[in-house]
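Next comes query.cif, with mmCIF, C-alpha atoms and all ligand atoms.
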```
data_coords
#
loop_
_atom_site.group_PDB
_atom_site.id
_atom_site.type_symbol
_atom_site.label_atom_id
_atom_site.label_comp_id
_atom_site.auth_asym_id
_atom_site.auth_seq_id
_atom_site.Cartn_x
_atom_site.Cartn_y
_atom_site.Cartn_z
ATOM 1 C CA MET A 1 397.436 24.522 78.261
ATOM 2 C CA ALA A 2 394.307 25.516 80.151
ATOM 3 C CA THR A 3 394.442 29.018 78.665
ATOM 4 C CA VAL A 4 394.701 27.590 75.162
ATOM 5 C CA PHE A 5 391.607 25.494 75.879
ATOM 6 C CA ALA A 6 389.772 28.503 77.343
ATOM 7 C CA ARG A 7 390.668 30.559 74.295
ATOM 8 C CA GLY A 8 389.359 27.767 72.101
ATOM 9 C CA VAL A 9 386.050 27.836 73.975
ATOM 10 C CA VAL A 10 385.804 31.625 73.677
ATOM 11 C CA VAL A 11 386.551 31.508 69.939
ATOM 12 C CA GLY A 12 384.031 28.659 69.582
ATOM 13 C CA LEU A 13 381.307 30.609 71.388
ATOM 14 C CA PHE A 14 382.114 33.672 69.301
ATOM 15 C CA LEU A 15 381.744 31.678 66.065
ATOM 16 C CA VAL A 16 378.441 30.186 67.259
ATOM 17 C CA SER A 17 377.078 33.640 68.087
ATOM 18 C CA VAL A 18 378.197 34.973 64.684
ATOM 19 C CA LEU A 19 376.486 32.046 62.947
ATOM 20 C CA MET A 20 373.308 32.583 64.970
ATOM 21 C CA SER A 21 373.176 36.305 64.240
ATOM 22 C CA THR A 22 373.757 35.525 60.543
ATOM 23 C CA ALA A 23 370.795 33.142 60.643
ATOM 24 C CA GLN A 24 368.677 35.836 62.314
ATOM 25 C CA ALA A 25 369.775 38.339 59.691
ATOM 26 C CA GLN A 26 368.580 35.930 57.002
ATOM 27 C CA GLY A 27 365.255 35.781 58.806
ATOM 28 C CA VAL A 28 364.754 39.520 58.372
ATOM 29 C CA MET A 29 366.045 39.535 54.801
ATOM 30 C CA CYS A 30 362.502 39.425 53.376
ATOM 31 C CA PRO A 31 361.353 42.882 52.322
ATOM 32 C CA ASP A 32 358.201 44.129 54.007
ATOM 33 C CA SER A 33 355.259 43.310 51.739
ATOM 34 C CA ASN A 34 353.664 46.741 52.290
ATOM 35 C CA ALA A 35 356.902 48.465 51.338
ATOM 36 C CA PHE A 36 357.122 46.234 48.275
ATOM 37 C CA GLU A 37 353.573 47.110 47.187
ATOM 38 C CA ARG A 38 354.236 50.828 47.702
ATOM 39 C CA CYS A 39 357.367 50.506 45.612
ATOM 40 C CA LEU A 40 355.490 48.743 42.804
ATOM 41 C CA GLU A 41 352.930 51.566 42.695
ATOM 42 C CA ARG A 42 355.691 53.775 41.317
ATOM 43 C CA PHE A 43 355.771 51.618 38.183
ATOM 44 C CA ASP A 44 351.984 51.309 37.914
ATOM 45 C CA ARG A 45 351.422 53.971 35.266
ATOM 46 C CA ASN A 46 347.687 53.387 34.699
ATOM 47 C CA GLY A 47 346.896 53.028 38.403
ATOM 48 C CA ASP A 48 345.181 49.625 38.241
ATOM 49 C CA LYS A 49 347.378 48.291 41.111
ATOM 50 C CA GLU A 50 348.853 45.695 38.744
ATOM 51 C CA LEU A 51 351.872 45.682 36.490
ATOM 52 C CA ASP A 52 351.406 44.883 32.818
ATOM 53 C CA LEU A 53 354.336 43.937 30.574
ATOM 54 C CA THR A 54 355.256 47.557 29.759
ATOM 55 C CA GLU A 55 355.139 48.505 33.426
ATOM 56 C CA LEU A 56 357.197 45.429 34.337
ATOM 57 C CA GLN A 57 359.750 46.465 31.730
ATOM 58 C CA THR A 58 359.909 49.940 33.300
ATOM 59 C CA MET A 59 360.528 48.252 36.661
ATOM 60 C CA ILE A 60 363.361 46.100 35.261
ATOM 61 C CA ASP A 61 364.813 49.147 33.479
ATOM 62 C CA ALA A 62 364.958 50.943 36.835
ATOM 63 C CA ALA A 63 367.596 48.454 37.989
ATOM 64 C CA SER A 64 371.272 48.913 37.225
ATOM 65 C CA TRP A 65 372.636 46.867 34.306
ATOM 66 C CA TYR A 66 374.433 44.408 36.573
ATOM 67 C CA ALA A 67 371.315 43.891 38.720
ATOM 68 C CA ARG A 68 369.255 43.412 35.539
ATOM 69 C CA TRP A 69 371.601 40.605 34.573
ATOM 70 C CA THR A 70 370.466 38.625 37.646
ATOM 71 C CA LEU A 71 366.830 39.817 37.628
ATOM 72 C CA GLY A 72 365.914 38.408 34.230
ATOM 73 C CA SER A 73 363.413 39.702 31.707
ATOM 74 C CA ALA A 74 359.977 41.271 32.103
ATOM 75 C CA GLU A 75 358.606 38.463 29.919
ATOM 76 C CA GLY A 76 360.160 35.941 32.296
ATOM 77 C CA TYR A 77 358.389 37.518 35.257
ATOM 78 C CA MET A 78 355.105 37.553 33.362
ATOM 79 C CA LYS A 79 355.444 33.858 32.471
ATOM 80 C CA ARG A 80 356.528 32.751 35.911
ATOM 81 C CA CYS A 81 354.528 35.060 38.161
ATOM 82 C CA ASP A 82 351.154 35.707 36.544
ATOM 83 C CA ALA A 83 349.379 33.037 38.602
ATOM 84 C CA ASN A 84 345.826 33.908 37.468
ATOM 85 C CA ASP A 85 346.817 34.446 33.797
ATOM 86 C CA SER A 86 345.539 38.048 33.792
ATOM 87 C CA GLN A 87 348.587 39.334 31.800
ATOM 88 C CA THR A 88 349.274 41.601 34.772
ATOM 89 C CA ILE A 89 351.189 41.016 37.991
ATOM 90 C CA THR A 90 350.119 42.149 41.428
ATOM 91 C CA GLY A 91 352.379 42.641 44.416
ATOM 92 C CA MET A 92 350.982 39.425 45.878
ATOM 93 C CA GLU A 93 351.824 37.496 42.720
ATOM 94 C CA LEU A 94 355.306 38.961 42.683
ATOM 95 C CA MET A 95 355.934 37.820 46.248
ATOM 96 C CA SER A 96 354.446 34.355 45.740
ATOM 97 C CA SER A 97 356.514 31.186 46.027
ATOM 98 C CA SER A 98 356.227 30.479 42.293
ATOM 99 C CA CYS A 99 357.618 33.912 41.429
ATOM 100 C CA LEU A 100 360.250 34.848 43.992
ATOM 101 C CA PRO A 101 360.384 31.846 46.336
ATOM 102 C CA THR A 102 363.177 33.010 48.625
ATOM 103 C CA CYS A 103 363.657 36.137 50.678
ATOM 104 C CA VAL A 104 367.046 36.542 49.053
ATOM 105 C CA GLN A 105 365.381 36.768 45.625
ATOM 106 C CA GLN A 106 362.688 39.135 46.929
ATOM 107 C CA ARG A 107 365.337 41.291 48.563
ATOM 108 C CA GLY A 108 367.350 41.218 45.334
ATOM 109 C CA LEU A 109 364.480 42.644 43.296
ATOM 110 C CA TYR A 110 363.517 45.086 46.045
ATOM 111 C CA THR A 111 366.990 46.551 46.433
ATOM 112 C CA ALA A 112 367.473 46.651 42.647
ATOM 113 C CA VAL A 113 364.361 48.621 41.727
ATOM 114 C CA CYS A 114 362.974 50.227 44.910
HETATM 115 CA CA CA A 201 349.162 48.963 35.813
HETATM 116 CA CA CA A 202 347.913 38.192 37.445
#
```

Mind converting the file's structure to structure tokens?
Ligand SMILES: [Ca+2]
Ligand SMILES: [Ca+2]
Amino acid sequence: MATVFARGVVVGLFLVSVLMSTAQAQGVMCPDSNAFERCLERFDRNGDKELDLTELQTMIDAASWYARWTLGSAEGYMKRCDANDSQTITGMELMSSSCLPTCVQQRGLYTAVC
């Protein structure tokens, strides 16, 4: 009986440690903002450090078709993310809370196109 209890404790501790490491993993899920900016430069054809609609479309097109399905449209990004209404999107705007509010979303875009 005591061994069953001890096993229960061990399994319990194991589950807690798994849950904690999962939570830590979520903490590091956010892509590095410098890496993100460097990645976006690849799509910045005219070198103005911002992505216009055509450049955004190139970025979306770089993703696989199934990733594109979850990423949404270039127009959608422009509408949602162009905080200063400049018709272009900077790396900062792309990583803002109104554009990609969660690390999971940021990581999704990063892994899809970078
Ligand atoms: Ca540009
Ligand atoms: Ca802008």

Expansion of the PyMOL selection byres (((chain A and resi 114) around 10) and not hetatm) into residues, as a PDB file with C-alpha atoms, in the frame of the given file:
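Output file result_34.pdb follows:
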```
ATOM      1  CA  ALA A  35     356.902  48.465  51.338  1.00  0.00           C
ATOM      2  CA  PHE A  36     357.122  46.234  48.275  1.00  0.00           C
ATOM      3  CA  ARG A  38     354.236  50.828  47.702  1.00  0.00           C
ATOM      4  CA  CYS A  39     357.367  50.506  45.612  1.00  0.00           C
ATOM      5  CA  LEU A  40     355.490  48.743  42.804  1.00  0.00           C
ATOM      6  CA  ARG A  42     355.691  53.775  41.317  1.00  0.00           C
ATOM      7  CA  PHE A  43     355.771  51.618  38.183  1.00  0.00           C
ATOM      8  CA  MET A  59     360.528  48.252  36.661  1.00  0.00           C
ATOM      9  CA  ALA A  62     364.958  50.943  36.835  1.00  0.00           C
ATOM     10  CA  ALA A  63     367.596  48.454  37.989  1.00  0.00           C
ATOM     11  CA  ARG A 107     365.337  41.291  48.563  1.00  0.00           C
ATOM     12  CA  LEU A 109     364.480  42.644  43.296  1.00  0.00           C
ATOM     13  CA  TYR A 110     363.517  45.086  46.045  1.00  0.00           C
ATOM     14  CA  THR A 111     366.990  46.551  46.433  1.00  0.00           C
ATOM     15  CA  ALA A 112     367.473  46.651  42.647  1.00  0.00           C
ATOM     16  CA  VAL A 113     364.361  48.621  41.727  1.00  0.00           C
TER      17      VAL A 113
END
```

Top pick for closest residue to ligand CA 201 (chain A), considering A:Asp44, A:Leu56, A:Asn34, A:Arg68 and counting only C-alpha atoms and all ligand atoms:
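Distance minimum relative to ligand CA 201 (chain A) lands on A:Asp44.
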
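With distances restricted to only C-alpha atoms and all ligand atoms, A:Gly91 is the closest residue to ligand CA 201 (chain A) from A:Cys81, A:Gly91, A:Asp32, A:Tyr66.
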
Which residues of chain A sit at most 6 Å from ligand CA 202 (chain A), using only C-alpha atoms and all ligand atoms? Give each one's shortest atom pair and distance in Å (one decimal place), in chain and ascending residue order, as CSV.
```
residue,atom,partner,partner_atom,distance
A:Asp82,CA,A:CA202,CA,4.2
A:Ala83,CA,A:CA202,CA,5.5
A:Asn84,CA,A:CA202,CA,4.8
A:Asp85,CA,A:CA202,CA,5.3
A:Ser86,CA,A:CA202,CA,4.4
A:Gln87,CA,A:CA202,CA,5.8
A:Thr88,CA,A:CA202,CA,4.5
A:Ile89,CA,A:CA202,CA,4.4
```

If you count only C-alpha atoms, which residues fall within 10 Å of A:Glu75, apart from same-chain ones fewer than 2 positions away, as a list in words?
Leu53, Thr54, Leu56, Gln57, Gly72, Ser73, Tyr77, Met78, Lys79, Arg80 and Cys81 of chain A

Taking all atoms listed in the file into account, which residues have an atom no farther than 8 Å from ligand CA 201 (chain A)? I'd like them as an NGL selection string.
:A and (43-52 or 55 or 88)

Hey, can you check how far atom CA of A:Leu71 sits from atom CA of A:Ser98?
14.9 Å

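If you look at atom CA of A:Met29 and atom CA of A:Cys103, they are 5.9 Å away from each other.
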
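Atom CA of A:Trp65 is positioned 20.8 Å from atom CA of A:Leu94.
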
Mind rebuilding stretch 57-84 of chain A with N, CA and C atoms and writing that out as a CSV table (one decimal), keeping the file's coordinate frame?
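Dumped everything to selection_10.csv:
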```csv
chain,number,residue,atom,x,y,z
A,57,GLN,N,358.5,46.1,32.4
A,57,GLN,CA,359.8,46.5,31.7
A,57,GLN,C,360.3,47.7,32.3
A,58,THR,N,359.5,48.7,32.7
A,58,THR,CA,359.9,49.9,33.3
A,58,THR,C,360.6,49.6,34.6
A,59,MET,N,360.0,48.7,35.4
A,59,MET,CA,360.5,48.3,36.7
A,59,MET,C,361.9,47.7,36.5
A,60,ILE,N,362.1,46.7,35.5
A,60,ILE,CA,363.4,46.1,35.3
A,60,ILE,C,364.4,47.2,34.8
A,61,ASP,N,363.9,48.1,34.0
A,61,ASP,CA,364.8,49.1,33.5
A,61,ASP,C,365.3,50.1,34.6
A,62,ALA,N,364.6,50.1,35.7
A,62,ALA,CA,365.0,50.9,36.8
A,62,ALA,C,366.2,50.4,37.5
A,63,ALA,N,366.5,49.1,37.3
A,63,ALA,CA,367.6,48.5,38.0
A,63,ALA,C,368.9,48.8,37.2
A,64,SER,N,370.0,48.7,37.9
A,64,SER,CA,371.3,48.9,37.2
A,64,SER,C,371.5,47.7,36.3
A,65,TRP,N,372.4,47.9,35.3
A,65,TRP,CA,372.6,46.9,34.3
A,65,TRP,C,373.1,45.6,34.9
A,66,TYR,N,373.9,45.7,36.0
A,66,TYR,CA,374.4,44.4,36.6
A,66,TYR,C,373.4,43.7,37.4
A,67,ALA,N,372.4,44.5,38.0
A,67,ALA,CA,371.3,43.9,38.7
A,67,ALA,C,370.4,43.2,37.7
A,68,ARG,N,370.2,43.9,36.6
A,68,ARG,CA,369.3,43.4,35.5
A,68,ARG,C,369.7,42.0,35.1
A,69,TRP,N,371.0,41.9,35.0
A,69,TRP,CA,371.6,40.6,34.6
A,69,TRP,C,371.1,39.4,35.4
A,70,THR,N,370.9,39.7,36.8
A,70,THR,CA,370.5,38.6,37.6
A,70,THR,C,368.9,38.6,37.7
A,71,LEU,N,368.3,39.7,37.5
A,71,LEU,CA,366.8,39.8,37.6
A,71,LEU,C,366.1,39.0,36.5
A,72,GLY,N,366.6,39.1,35.3
A,72,GLY,CA,365.9,38.4,34.2
A,72,GLY,C,365.0,39.4,33.5
A,73,SER,N,364.2,38.8,32.6
A,73,SER,CA,363.4,39.7,31.7
A,73,SER,C,362.0,39.9,32.2
A,74,ALA,N,361.4,41.0,31.8
A,74,ALA,CA,360.0,41.3,32.1
A,74,ALA,C,359.1,40.1,31.6
A,75,GLU,N,359.4,39.6,30.4
A,75,GLU,CA,358.6,38.5,29.9
A,75,GLU,C,358.7,37.3,30.8
A,76,GLY,N,359.9,37.1,31.4
A,76,GLY,CA,360.2,35.9,32.3
A,76,GLY,C,359.3,36.1,33.5
A,77,TYR,N,359.2,37.3,34.1
A,77,TYR,CA,358.4,37.5,35.3
A,77,TYR,C,356.9,37.3,34.9
A,78,MET,N,356.5,37.7,33.8
A,78,MET,CA,355.1,37.6,33.4
A,78,MET,C,354.8,36.1,33.3
A,79,LYS,N,355.7,35.3,32.6
A,79,LYS,CA,355.4,33.9,32.5
A,79,LYS,C,355.4,33.2,33.8
A,80,ARG,N,356.3,33.5,34.7
A,80,ARG,CA,356.5,32.8,35.9
A,80,ARG,C,355.6,33.2,37.0
A,81,CYS,N,355.2,34.5,37.0
A,81,CYS,CA,354.5,35.1,38.2
A,81,CYS,C,353.0,35.3,38.0
A,82,ASP,N,352.6,35.4,36.8
A,82,ASP,CA,351.2,35.7,36.5
A,82,ASP,C,350.3,34.5,36.8
A,83,ALA,N,350.0,34.3,38.1
A,83,ALA,CA,349.4,33.0,38.6
A,83,ALA,C,348.0,32.9,38.1
A,84,ASN,N,347.2,34.0,37.9
A,84,ASN,CA,345.8,33.9,37.5
A,84,ASN,C,345.7,34.2,36.0
```
